[in-house]
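A short worksheet on the structure shown next.
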Amino acid sequence: MDRNQLTKWIKSPGNMGHKYSLDVVYFCTGCGIIEIPPSITARWDAERFGVKPVATPRQANLFLITGYVSVKTLKAVIRTYEQMQEPKFAVGFGSCPINGGMYWDSYNTVNHLDKYIPIDGWIAGCMPRPEAIFIAVTHLWTLIDKEIADGYKRYRDKYKYYRANQEKVLGELEWPPLFPEDDKK
Amino acid sequence: MNQELKKKINSSFPSAKISLPNESRVVIEVNRDAIISVLSFLKNMGYEHLSMVSCVDWIKEDEFELIYFLNAYMENDEEYGEIEKSTILLKTMISRKEAKYITAIGIFASAEPYEREIHELFGIYFEGHPRLTHLLLERDYEIPPFRKDFDTRKYVKEFYEEIPFVEDREEGKE
Amino acid sequence: MRELELYFGPQHLGMVGNFSITLNVEGDRIIKAASNPGYLHRGFEKLMEYRTWIQNFTLVCRINVIEPDSMELMYSMAVEDLAGIEVPERAEYIRSIYLELARIGSHLFGLWAYANMLGFDTVANWAMYHRDLILDLFEEITGARVYHMYIWPGGVRRDFPKGLKGRIVKTLHKIGSGVPDYDDTFFNSRLFYDRAKNVGTVTRKQALEMGAVGQVLRATGMKYDIRKIEPYAAYDKVDWAIPTREDGDAYSRIWVVRDEMIESVHMIFKLLDDMPDGSVYNRIPNPFKWKVPAGETYVRCESSRGELGLYMASNGGDKPYRVHFNTPSYSHGLTILEEVLKGESIADVGNIMMSLYIVAPEIDR
Amino acid sequence: MIVLEMLILVILALAIGVFFLGLSRKIMSRIHWRYGPPITQPIIDIIKLFNQDSVSHGSLFNFGIILSLAGSIVMVFFLPMGAMCPMSSSGGMLVILYIMLLGPLGLALSGGEAANPNISIGISRKFILALSYEVPLLLIFLAVMTHYGTISIVEIVKIQSANLWSFASLPLLLSGIAYLLILPALLGERPFELIKAPQEISSGPMAEYGGKFLALATLQHAFHTFVGISLFVNLFLGGASNPGYFFLKMLVVFILLIFVNAVFPRFRIDQAIKYLWKWPTLLAFIGLIIVVIVD
């Protein structure tokens with residue numbers, strides 16, 4: 001672990017900060033609620049990795065979507081994601097946000113979450129064990145290091161398309177666009 | 001014994017069809033006008049607990065079947081006799097074309113969310129219900145999703161699968 | 001004073017699961033509360049109509065994540081009832097032991113949620129640790145931590161591994177040795193008493209009117225437990241008592257949960273001692289061609305949160321025609337919660353919600 | 001010279017405050033049977049937060065948090081740490097009592113700008129709580145001032161080093177205990193964590209803070225922790241002649257505070273007022289009477 005390497009800290013404090021202090025906003029959509037508590041409490045203790053749950057999306061920089069996303073939840077997921085401050089990372093937990101999982105034929109769950117918000121990493125499995133969260137976190141560190149955890153940049157660049165997809169599912173959105181068209185040069 | 005229960009109900013409601021599938025279930029079938037009076041009759045008999053209201057879509061018969069599940073509450077588990085132990089399934093049929101019914105909230109307050117759910121998922125309108133708004137779903141479907149003629153797989157294919165990936169959009173595959 | 005509209009959830013640290021309550025507050029008092037479920041609705045019962053009898057086992061356990069095992073049991077019992085499959089005696093005992101273990105695990109999860117809600121982090125961490133010990137047992141029995149799919153029509157999937165009895169006893173003793181600590185820091189704590197006493201009171205009259213079950217009902221002094229009224233598995237073969245309390249407030253409910261855990265541990269010890277030998281399952285027909293005779297059934301059991309029912313209708317095909325789960329959180333979360341929250345303080349929303357033991361996925365299904 | 005001393009003092013206070021934040025997380029984890037984060041975790045958090053974007057809700061929003069932080073920093077100058085006290089000649093306890101209200105006030109200004117109901121609830125809780133601990137605090141200060149006949153903390157420390165610690169001397173014992181009782185409320189730790197209460201009102205006044213604002217709020221908390229504890233050490237534990245010794249005394253008090261923090265849930269606001277106006281106020285009042293009678 002290079003948490004203790006001073007040279008890296010001096011070279012890019014921001015980058016290192018983002019790596020080792022991941023404030024998570026857990027969006028416990030369904031099944032995820034069952035493996036998140038073990039991972040943040042005594043047995044697995046996510047705080048060792050600097051992963052700490054916070055109360056509001058404003059304070060967070062990691063978004064963990066734990067489980068299937070129904071249409072009603074999607075609205076909340078998008079709002080939460082848009083409220084978070086950049087740089088922000090989103091990780092899908094479980095098979096369901098990847099491609100619908102076992103609810104692939106349900107009329108009320110969206111099958112591919114990355115059509116609506118950019119996702120930086122997936123944790124596959126149903127249910128993934130708590131260890132999987134930590135593997136994901138360490139992978140995310142590598143991604144941040146290589147600067148390919150750039151979901152928030154993609155969201156900014158292709159906001160038009162994301163918004164179009166969101167509107168297709170949710171109908172008219174009641175909040176204004178995060179990045180208005182005329183803002184772009 | 002449940003035979004006694006059967007007699008009691010039959011004396012008040014001669015039209016009710018009663019069957020006893022096993023020792024702790026009583027199935028009562030009544031026609032659609034009688035349900036409120038039967039419900040209040042059963043409540044007075046001690047079946048105070050409405051566990052659930054369910055609905056089945058019998059599409060071949062072109063009818064919805066509404067089922068009320070009733071149980072008895074006793075203070076002590078030793079007080080339960082044969083009659084109190086049984087669950088009553090009170091059934092009625094309503095036509096699919098005219099999916100309208102009367103609410104049971106006046107008798108059982110706990111029927112409220114169940115009726116709301118049935119309204120949402122099966123499209124049955126309950127007259128006298130104070131808030132028949134969305135409960136579980138966010139948007140309207142053309143056919144209420146739990147009806148048998150709503151094909152969820154087809155719906156998923158036509159709706160969700162049609163939405164393109166953002167990367168594909170950029171390549172002009174819109 | 002100005003009336004504010006406050007949203008409690010869906011993204012909220014105090015919210016276990018995904019559920020939201022719209023509160024109209026005046027100062028610190030709640031005037032009106034409206035539950036807003038549906039964030040987890042997947043249309044389970046619809047999906048089950050598209051899957052064969054055996055495929056549905058993967059689905060049913062996911063209806064309730066906190067305690068998937070009672071859902072499996074419900075589905076198995078309904079299928080057994082429709083298809084006329086007998087269950088061997090040893091399997092009944094195994095089911096009971098397994099369900100009681102699941103109940104303890106679920107209650108510990110509930111304790112975590114409740115303690116966390118009050119800001120009792122220490123107890124919350126302990127409870128979650130102890131729950132993990134039980135999950136380790138499950139992992140040994142079934143191979144999975146959370147979704148086990150262990151109960152099967154006609155019995156259970158496989159027998160207990162060798163020496164499991166000793167390990168169950170050891171684990172339960174380990175958890176039991178924590179009870180004095182829990183009592184000192186949590187249950188007998190003055191602050192817990194202050195926070196929970198006379199908060200969220202459901203009177204017996206209200207409970208009966210609004211269809212309360214489980215702890216909510218037992219906390220008002222009613223001994224209503226399906227395990228006694230309509231015994232399934234091996235619950236009629238051992239002696240046990242229903243713990244109750246009189247006051248019907250959050251304090252009573254949490255104490256009922258605690259007493260139930262202890263009662264469950266004793267029950268498991270008795271069941272383990274009485275367990276007969278023999279086979280653990282009767283063969284079911286080839287699952288690929290399995291057709292269940294037409295008919296309907298309603299089965300019920302006592303899950304960790306109260307009465308759980310399942311109505312199932314079959315039209316003689318290879319898939320169920322209609323499935324409807326009657327879950328305890330439904331009336332607790334939609335009818336009782338709205339009623340009880342009126343007039344309480346904002347600080348007690350999570351307190352009341354967790355003490356009513358509301359599990360959102362169960363409501364939405 | 002004074003400027004240099006001030007600078008050193010601020011840096012020391014910041015270092016100790018942040019260290020205490022890290023230590024509290026570590027000790028809490030161990031009580032939870034967890035391994036816990038590295039002790040440097042708050043520093044990493046602050047570095048990250050300063051590098052993160054943040055959303056501002058207007059100039060008052062920015063000003064409020066700065067006011068709050070400034071209030072906490074200014075208090076540091078009036079508290080002697082070991083031999084260091086740049087503002088020893090002016091003010092004393094009265095100034096501290098006055099400035100202490102700047103913290104809640106700043107947060108209130110800031111929160112008023114962001115229209116989030118959780119914030120307004122949090123702010124109102126904060127003010128109510130401040131109101132309830134100010135009363136016993138005033139009584140405690142009065143007792144100390146009457147006993148030593150001065151409002152200068154430096155003087156009080158000097159007298160204590162010549163005689164007994166005031167915590168060990170009889171007339172002020174009750175006041176000391178009363179201060180210990182209100183210390184968690186002063187610092188917003190459990191059982192008085194109800195201002196933040198993440199499970200109830202989504203961290204209350206901080207709900208809209210992100211990035212730099214949250215970093216400033218964390219720093220404010222660090223300074224505030226330092227002030228609250230060092231005040232106790234100065235008034236009741238005899239201060240210290242050098243910073244090292246002073247730090248040790250603070251550490252003991254802080255660890256005691258964390259243990260209390262670990263075993264209690266949070267009060268409801270009405271219970272908190274009831275408690276604070278009952279036991280600490282009563283003790284402080286009796287303490288004051290004893291002091292008046294004895295002297």
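FYI, nothing fancy with the structure tokens labels: chains A, B, ... in order, residues from 1 per chain, ligands from 1 as they appear.
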
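Counting only C-alpha atoms, Leu217 (chain C) has the following residues at most 10 Å away, ignoring those fewer than 6 positions along the same chain: Tyr73 and Glu75 of chain B; Val202, Thr203, Arg204, Gln206, Ala207, Leu208, Gly211, Lys223, Tyr224, Asp225, Thr244, Arg245, Glu246, Gly248, Arg253 and Gly306 of chain C.
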
Any chance you could export the current selection's all heavy atoms as a CSV table (one decimal), in the first residue's frame?
```csv
chain,number,residue,atom,x,y,z
B,73,TYR,N,-58.0,-13.2,16.1
B,73,TYR,CA,-57.0,-12.8,17.1
B,73,TYR,C,-57.4,-13.3,18.5
B,73,TYR,O,-58.6,-13.2,18.8
B,73,TYR,CB,-56.9,-11.3,17.3
B,73,TYR,CG,-56.1,-10.5,16.3
B,73,TYR,CD1,-56.5,-9.4,15.7
B,73,TYR,CD2,-54.7,-10.9,16.0
B,73,TYR,CE1,-55.8,-8.7,14.8
B,73,TYR,CE2,-54.0,-10.2,15.1
B,73,TYR,CZ,-54.5,-9.1,14.5
B,73,TYR,OH,-53.8,-8.4,13.7
B,75,GLU,N,-56.1,-13.5,22.7
B,75,GLU,CA,-55.1,-13.0,23.6
B,75,GLU,C,-54.0,-14.0,24.0
B,75,GLU,O,-52.9,-13.7,24.1
B,75,GLU,CB,-55.8,-12.4,24.8
B,75,GLU,CG,-54.8,-11.5,25.6
B,75,GLU,CD,-55.6,-10.7,26.6
B,75,GLU,OE1,-56.8,-10.5,26.4
B,75,GLU,OE2,-55.0,-10.4,27.7
C,202,VAL,N,-48.2,1.7,20.0
C,202,VAL,CA,-49.4,1.1,19.3
C,202,VAL,C,-50.2,0.4,20.4
C,202,VAL,O,-49.8,-0.5,21.0
C,202,VAL,CB,-48.9,0.1,18.3
C,202,VAL,CG1,-50.1,-0.4,17.5
C,202,VAL,CG2,-47.9,0.7,17.4
C,203,THR,N,-51.4,1.0,20.7
C,203,THR,CA,-52.2,0.4,21.7
C,203,THR,C,-52.8,-0.9,21.1
C,203,THR,O,-52.8,-1.2,19.9
C,203,THR,CB,-53.4,1.3,22.1
C,203,THR,OG1,-54.1,1.5,20.9
C,203,THR,CG2,-52.9,2.6,22.7
C,204,ARG,N,-53.3,-1.8,22.0
C,204,ARG,CA,-53.8,-3.0,21.6
C,204,ARG,C,-55.0,-2.8,20.6
C,204,ARG,O,-55.1,-3.5,19.6
C,204,ARG,CB,-54.3,-3.9,22.7
C,204,ARG,CG,-54.7,-5.2,22.3
C,204,ARG,CD,-55.3,-6.1,23.4
C,204,ARG,NE,-54.2,-6.5,24.3
C,204,ARG,CZ,-54.4,-7.3,25.3
C,204,ARG,NH1,-55.6,-7.8,25.6
C,204,ARG,NH2,-53.4,-7.7,26.0
C,206,GLN,N,-55.5,-0.3,18.6
C,206,GLN,CA,-55.0,0.1,17.3
C,206,GLN,C,-54.4,-1.1,16.6
C,206,GLN,O,-54.6,-1.3,15.4
C,206,GLN,CB,-53.9,1.2,17.5
C,206,GLN,CG,-54.4,2.6,17.6
C,206,GLN,CD,-53.2,3.5,17.9
C,206,GLN,OE1,-52.3,3.2,18.6
C,206,GLN,NE2,-53.3,4.7,17.3
C,207,ALA,N,-53.6,-1.9,17.3
C,207,ALA,CA,-52.9,-3.0,16.7
C,207,ALA,C,-54.0,-3.9,16.1
C,207,ALA,O,-53.8,-4.4,15.0
C,207,ALA,CB,-52.1,-3.7,17.7
C,208,LEU,N,-55.0,-4.2,16.8
C,208,LEU,CA,-56.0,-5.1,16.3
C,208,LEU,C,-56.7,-4.5,15.0
C,208,LEU,O,-57.0,-5.2,14.1
C,208,LEU,CB,-57.1,-5.5,17.3
C,208,LEU,CG,-56.6,-6.2,18.6
C,208,LEU,CD1,-57.7,-6.7,19.4
C,208,LEU,CD2,-55.7,-7.4,18.2
C,211,GLY,N,-54.4,-4.5,11.8
C,211,GLY,CA,-53.8,-5.7,11.3
C,211,GLY,C,-52.4,-5.9,11.7
C,211,GLY,O,-51.6,-6.3,10.9
C,223,LYS,N,-50.7,-13.0,22.7
C,223,LYS,CA,-49.8,-14.1,22.3
C,223,LYS,C,-50.2,-14.7,21.0
C,223,LYS,O,-50.9,-15.7,20.9
C,223,LYS,CB,-49.9,-15.2,23.4
C,223,LYS,CG,-49.2,-14.9,24.7
C,223,LYS,CD,-48.9,-16.1,25.5
C,223,LYS,CE,-48.1,-15.7,26.7
C,223,LYS,NZ,-47.9,-16.8,27.6
C,224,TYR,N,-49.9,-14.0,20.0
C,224,TYR,CA,-50.3,-14.4,18.6
C,224,TYR,C,-49.0,-14.8,17.9
C,224,TYR,O,-48.2,-14.0,17.5
C,224,TYR,CB,-50.9,-13.2,17.9
C,224,TYR,CG,-51.5,-13.5,16.5
C,224,TYR,CD1,-52.7,-14.2,16.4
C,224,TYR,CD2,-50.8,-13.2,15.4
C,224,TYR,CE1,-53.2,-14.5,15.1
C,224,TYR,CE2,-51.3,-13.5,14.1
C,224,TYR,CZ,-52.5,-14.1,14.0
C,224,TYR,OH,-53.0,-14.4,12.8
C,225,ASP,N,-48.9,-16.1,17.7
C,225,ASP,CA,-47.7,-16.6,17.0
C,225,ASP,C,-48.1,-17.8,16.2
C,225,ASP,O,-48.7,-18.8,16.7
C,225,ASP,CB,-46.7,-17.0,18.1
C,225,ASP,CG,-45.3,-17.3,17.4
C,225,ASP,OD1,-45.3,-17.9,16.4
C,225,ASP,OD2,-44.3,-16.8,18.0
C,244,THR,N,-43.9,-12.0,25.6
C,244,THR,CA,-44.7,-10.8,25.3
C,244,THR,C,-44.4,-9.7,26.3
C,244,THR,O,-43.7,-9.9,27.3
C,244,THR,CB,-46.2,-11.1,25.5
C,244,THR,OG1,-46.4,-11.6,26.8
C,244,THR,CG2,-46.7,-12.0,24.5
C,245,ARG,N,-44.8,-8.5,25.9
C,245,ARG,CA,-44.7,-7.3,26.8
C,245,ARG,C,-46.1,-6.7,26.8
C,245,ARG,O,-46.9,-6.9,25.9
C,245,ARG,CB,-43.7,-6.4,26.3
C,245,ARG,CG,-42.3,-6.9,26.4
C,245,ARG,CD,-41.6,-6.2,27.5
C,245,ARG,NE,-40.6,-7.1,28.1
C,245,ARG,CZ,-39.8,-6.7,29.1
C,245,ARG,NH1,-40.0,-5.5,29.7
C,245,ARG,NH2,-39.0,-7.6,29.6
C,246,GLU,N,-46.3,-5.7,27.6
C,246,GLU,CA,-47.6,-5.1,27.8
C,246,GLU,C,-47.8,-3.8,27.1
C,246,GLU,O,-48.9,-3.4,26.7
C,246,GLU,CB,-48.0,-5.0,29.2
C,246,GLU,CG,-48.2,-6.3,29.9
C,246,GLU,CD,-49.3,-7.2,29.3
C,246,GLU,OE1,-50.3,-6.7,28.8
C,246,GLU,OE2,-49.1,-8.5,29.2
C,248,GLY,N,-46.6,-1.9,24.4
C,248,GLY,CA,-46.8,-1.6,23.0
C,248,GLY,C,-46.0,-0.5,22.5
C,248,GLY,O,-46.2,0.0,21.3
C,253,ARG,N,-41.2,-3.4,22.2
C,253,ARG,CA,-41.0,-4.2,21.0
C,253,ARG,C,-39.6,-4.7,20.9
C,253,ARG,O,-39.3,-5.9,20.5
C,253,ARG,CB,-41.3,-3.3,19.7
C,253,ARG,CG,-42.8,-3.1,19.5
C,253,ARG,CD,-43.1,-2.6,18.2
C,253,ARG,NE,-42.7,-1.2,18.0
C,253,ARG,CZ,-43.6,-0.2,18.2
C,253,ARG,NH1,-44.8,-0.4,18.7
C,253,ARG,NH2,-43.2,1.1,18.1
C,306,GLY,N,-43.1,-11.4,11.8
C,306,GLY,CA,-44.6,-11.6,12.0
C,306,GLY,C,-45.1,-12.6,11.0
C,306,GLY,O,-44.4,-13.3,10.3
```

| field | Residues of chain B in strand (DSSP E or B), written as number ranges by chain | value | B: 17-22, 25-29, 49-58, 63-71, 87-95, 100-102, 125-127

Define the interface residues of chain D facing chain A as those within 10 Å, counting only C-alpha atoms, and report them as a short mmCIF file (atom, residue, chain, number, x, y, z; two decimals) with N, CA, C and O atoms, in the first residue's frame.
```
data_model
loop_
_atom_site.label_atom_id
_atom_site.label_comp_id
_atom_site.auth_asym_id
_atom_site.auth_seq_id
_atom_site.Cartn_x
_atom_site.Cartn_y
_atom_site.Cartn_z
N ARG D 25 -11.43 8.27 16.10
CA ARG D 25 -11.90 7.24 15.19
C ARG D 25 -11.23 5.91 15.46
O ARG D 25 -11.85 4.85 15.39
N LYS D 26 -9.95 5.98 15.80
CA LYS D 26 -9.21 4.74 16.06
C LYS D 26 -9.74 4.07 17.33
O LYS D 26 -10.01 2.88 17.36
N SER D 29 -13.13 2.60 16.93
CA SER D 29 -13.09 1.35 16.17
C SER D 29 -12.71 0.19 17.07
O SER D 29 -13.29 -0.88 16.99
N ARG D 30 -11.72 0.44 17.92
CA ARG D 30 -11.28 -0.66 18.78
C ARG D 30 -12.39 -1.06 19.75
O ARG D 30 -12.56 -2.23 20.05
N ILE D 31 -13.16 -0.09 20.21
CA ILE D 31 -14.27 -0.44 21.10
C ILE D 31 -15.34 -1.20 20.31
O ILE D 31 -16.01 -2.09 20.84
N HIS D 32 -15.44 -0.88 19.02
CA HIS D 32 -16.40 -1.60 18.16
C HIS D 32 -15.90 -2.97 17.73
O HIS D 32 -16.51 -3.60 16.89
N TRP D 33 -14.74 -3.39 18.20
CA TRP D 33 -14.07 -4.61 17.75
C TRP D 33 -13.63 -4.49 16.30
O TRP D 33 -13.65 -5.45 15.54
N ARG D 34 -13.26 -3.30 15.87
CA ARG D 34 -12.79 -3.13 14.50
C ARG D 34 -11.31 -2.78 14.53
O ARG D 34 -10.76 -2.42 15.56
N TYR D 35 -10.67 -2.85 13.35
CA TYR D 35 -9.27 -2.45 13.29
C TYR D 35 -9.17 -0.93 13.23
O TYR D 35 -8.35 -0.32 13.88
N GLY D 36 -10.02 -0.34 12.44
CA GLY D 36 -10.04 1.12 12.41
C GLY D 36 -9.17 1.70 11.33
O GLY D 36 -8.29 1.05 10.79
N PRO D 37 -9.42 2.96 10.99
CA PRO D 37 -8.64 3.61 9.95
C PRO D 37 -7.27 3.99 10.48
O PRO D 37 -7.06 4.01 11.69
N PRO D 38 -6.34 4.29 9.59
CA PRO D 38 -5.05 4.80 10.09
C PRO D 38 -5.30 6.12 10.80
O PRO D 38 -6.27 6.82 10.52
N THR D 40 -3.94 8.81 10.56
CA THR D 40 -3.80 9.99 9.70
C THR D 40 -5.04 10.21 8.83
O THR D 40 -5.05 11.12 8.01
N GLN D 41 -6.04 9.39 8.99
CA GLN D 41 -7.20 9.45 8.09
C GLN D 41 -7.84 10.84 8.00
O GLN D 41 -8.14 11.30 6.90
N PRO D 42 -8.04 11.57 9.12
CA PRO D 42 -8.63 12.92 8.98
C PRO D 42 -7.80 13.84 8.10
O PRO D 42 -8.35 14.65 7.36
N ILE D 43 -6.46 13.69 8.14
CA ILE D 43 -5.62 14.54 7.29
C ILE D 43 -5.90 14.21 5.83
O ILE D 43 -6.08 15.09 4.99
N ILE D 44 -5.96 12.90 5.54
CA ILE D 44 -6.24 12.49 4.16
C ILE D 44 -7.60 13.04 3.74
O ILE D 44 -7.75 13.55 2.63
N ASP D 45 -8.57 12.94 4.64
CA ASP D 45 -9.91 13.44 4.34
C ASP D 45 -9.87 14.93 3.99
O ASP D 45 -10.47 15.37 3.02
N ILE D 46 -9.12 15.67 4.81
CA ILE D 46 -9.11 17.12 4.60
C ILE D 46 -8.42 17.45 3.28
O ILE D 46 -8.89 18.30 2.52
N ILE D 47 -7.31 16.75 3.00
CA ILE D 47 -6.62 16.98 1.72
C ILE D 47 -7.56 16.70 0.56
O ILE D 47 -7.67 17.47 -0.39
N LYS D 48 -8.29 15.57 0.69
CA LYS D 48 -9.23 15.24 -0.39
C LYS D 48 -10.31 16.31 -0.53
O LYS D 48 -10.61 16.76 -1.64
N LEU D 49 -10.84 16.73 0.60
CA LEU D 49 -11.96 17.67 0.54
C LEU D 49 -11.53 18.99 -0.09
O LEU D 49 -12.28 19.61 -0.82
N PHE D 50 -10.28 19.41 0.19
CA PHE D 50 -9.83 20.66 -0.41
C PHE D 50 -9.64 20.51 -1.92
O PHE D 50 -9.64 21.50 -2.64
N ASN D 51 -9.47 19.27 -2.38
CA ASN D 51 -9.28 19.06 -3.81
C ASN D 51 -10.57 18.76 -4.54
O ASN D 51 -10.56 18.45 -5.72
N GLN D 52 -11.65 18.77 -3.81
CA GLN D 52 -12.93 18.42 -4.42
C GLN D 52 -13.72 19.68 -4.75
O GLN D 52 -13.58 20.69 -4.07
N ASP D 53 -14.52 19.57 -5.78
CA ASP D 53 -15.40 20.70 -6.10
C ASP D 53 -16.40 20.89 -4.98
O ASP D 53 -16.67 19.98 -4.21
N SER D 54 -16.93 22.11 -4.90
CA SER D 54 -17.96 22.30 -3.90
C SER D 54 -18.97 23.27 -4.45
O SER D 54 -18.67 24.09 -5.31
N VAL D 55 -20.15 23.15 -3.95
CA VAL D 55 -21.21 24.00 -4.44
C VAL D 55 -21.51 25.05 -3.38
O VAL D 55 -21.57 24.75 -2.19
N LYS D 196 -25.56 16.82 14.64
CA LYS D 196 -25.26 16.14 13.38
C LYS D 196 -26.28 15.05 13.12
O LYS D 196 -26.91 15.02 12.08
N ALA D 197 -26.39 14.13 14.04
CA ALA D 197 -27.33 13.02 13.97
C ALA D 197 -27.56 12.51 12.54
O ALA D 197 -28.63 12.68 11.98
N PRO D 198 -26.53 11.92 11.93
CA PRO D 198 -26.67 11.52 10.53
C PRO D 198 -27.86 10.61 10.27
O PRO D 198 -28.44 10.65 9.19
N GLN D 199 -28.22 9.81 11.27
CA GLN D 199 -29.34 8.89 11.03
C GLN D 199 -30.69 9.58 11.16
O GLN D 199 -31.69 9.02 10.78
N GLU D 200 -30.71 10.78 11.73
CA GLU D 200 -31.99 11.45 11.89
C GLU D 200 -32.18 12.57 10.88
O GLU D 200 -33.16 12.61 10.16
N ILE D 201 -31.20 13.50 10.84
CA ILE D 201 -31.40 14.66 9.98
C ILE D 201 -30.23 14.83 9.02
O ILE D 201 -29.87 15.94 8.66
N SER D 202 -29.66 13.71 8.59
CA SER D 202 -28.58 13.74 7.58
C SER D 202 -27.52 14.78 7.90
O SER D 202 -27.28 15.68 7.13
N SER D 203 -26.92 14.64 9.02
CA SER D 203 -25.81 15.49 9.48
C SER D 203 -26.17 16.98 9.54
O SER D 203 -25.29 17.82 9.50
N GLY D 204 -27.41 17.27 9.67
CA GLY D 204 -27.88 18.60 10.05
C GLY D 204 -27.24 19.78 9.35
O GLY D 204 -27.37 19.91 8.14
N MET D 206 -24.42 20.41 8.39
CA MET D 206 -23.42 20.10 7.37
C MET D 206 -24.03 19.50 6.11
O MET D 206 -23.31 19.17 5.19
N ALA D 207 -25.35 19.35 6.09
CA ALA D 207 -25.97 18.57 5.02
C ALA D 207 -25.63 19.10 3.63
O ALA D 207 -25.50 18.33 2.69
N GLU D 208 -25.46 20.41 3.50
CA GLU D 208 -25.19 20.96 2.16
C GLU D 208 -23.71 21.23 1.94
O GLU D 208 -23.33 21.71 0.89
N TYR D 209 -22.89 20.97 2.94
CA TYR D 209 -21.46 21.22 2.78
C TYR D 209 -20.81 20.11 1.98
O TYR D 209 -21.04 18.94 2.23
N GLY D 210 -19.99 20.50 1.04
CA GLY D 210 -19.19 19.51 0.34
C GLY D 210 -17.86 20.15 0.05
O GLY D 210 -17.72 21.37 0.13
N GLY D 211 -16.89 19.35 -0.29
CA GLY D 211 -15.60 19.89 -0.68
C GLY D 211 -15.01 20.82 0.37
O GLY D 211 -14.92 20.47 1.54
N PHE D 213 -16.04 23.42 1.91
CA PHE D 213 -16.86 23.80 3.06
C PHE D 213 -16.81 22.73 4.15
O PHE D 213 -16.69 23.04 5.32
N LEU D 214 -16.87 21.49 3.70
CA LEU D 214 -16.82 20.41 4.68
C LEU D 214 -15.44 20.37 5.32
O LEU D 214 -15.31 20.11 6.52
N ALA D 215 -14.41 20.64 4.52
CA ALA D 215 -13.05 20.66 5.08
C ALA D 215 -12.96 21.74 6.15
O ALA D 215 -12.42 21.51 7.23
#
```

| 8 Å contacts from chain A to chain C using only C-alpha atoms, as a ChimeraX atom specification | /A:26-31,33-34,37-38,41-43,54-56,68-73,76,80,102-103,105-109,127,129

Using only C-alpha atoms, what does the table of chain A residues within 12 Å of chain B look like, with each row giving the shortest atom pair and its distance in Å to one decimal, sorted by chain and ascending number, as CSV?
```
residue,atom,partner,partner_atom,distance
A:Ser70,CA,B:Leu137,CA,9.1
A:Val71,CA,B:Glu138,CA,6.8
A:Lys72,CA,B:Glu138,CA,5.5
A:Thr73,CA,B:Glu138,CA,9.3
A:Leu74,CA,B:Glu138,CA,10.3
A:Lys75,CA,B:Glu138,CA,9.6
A:Ala76,CA,B:Glu138,CA,11.7
A:Asn99,CA,B:Glu161,CA,10.4
A:Gly100,CA,B:Tyr160,CA,10.4
A:Tyr103,CA,B:Val156,CA,10.4
A:Trp104,CA,B:Val156,CA,8.0
A:Asp105,CA,B:Arg153,CA,5.1
A:Ser106,CA,B:Thr152,CA,6.2
A:Tyr107,CA,B:Thr152,CA,5.4
A:Asn108,CA,B:Leu137,CA,7.8
A:Thr109,CA,B:Tyr160,CA,8.9
A:Val110,CA,B:Tyr160,CA,6.7
A:Asn111,CA,B:Tyr160,CA,6.9
A:His112,CA,B:Tyr160,CA,8.5
A:Leu113,CA,B:Phe165,CA,9.9
A:Asp114,CA,B:Phe165,CA,7.6
A:Lys115,CA,B:Phe165,CA,5.2
A:Tyr116,CA,B:Val166,CA,8.3
A:Ile117,CA,B:Val166,CA,9.5
A:Pro118,CA,B:Val166,CA,9.1
A:Ile119,CA,B:Val166,CA,11.8
A:Arg154,CA,B:Val166,CA,9.8
A:Tyr155,CA,B:Val166,CA,9.9
A:Asp157,CA,B:Val166,CA,10.9
A:Lys158,CA,B:Val166,CA,7.6
A:Tyr159,CA,B:Val166,CA,9.4
A:Lys160,CA,B:Val166,CA,9.5
A:Tyr161,CA,B:Val166,CA,6.1
A:Tyr162,CA,B:Val166,CA,6.6
A:Arg163,CA,B:Val166,CA,10.1
A:Ala164,CA,B:Ile163,CA,9.5
A:Asn165,CA,B:Ile163,CA,6.6
A:Gln166,CA,B:Ile163,CA,9.5
A:Glu167,CA,B:Ile163,CA,10.6
A:Lys168,CA,B:Ile163,CA,7.7
A:Val169,CA,B:Tyr160,CA,7.9
A:Leu170,CA,B:Arg139,CA,7.9
A:Gly171,CA,B:Arg139,CA,8.7
A:Glu172,CA,B:Arg139,CA,11.3
```

| task | Find the spatial neighbours of Lys228 (chain C), counting only C-alpha atoms, within a cut-off of 8 Å - ignore same-chain residues fewer than 5 positions away - and output them as a ChimeraX atom specification. | result | /B:77 /C:235-236

| task | Any chance you could list, as a VMD selection string, the residues in region 84-133 of chain B that come up alpha helix (DSSP H) when DSSP is run on the backbone? | result | chain B and resid 84 to 85 111 to 122
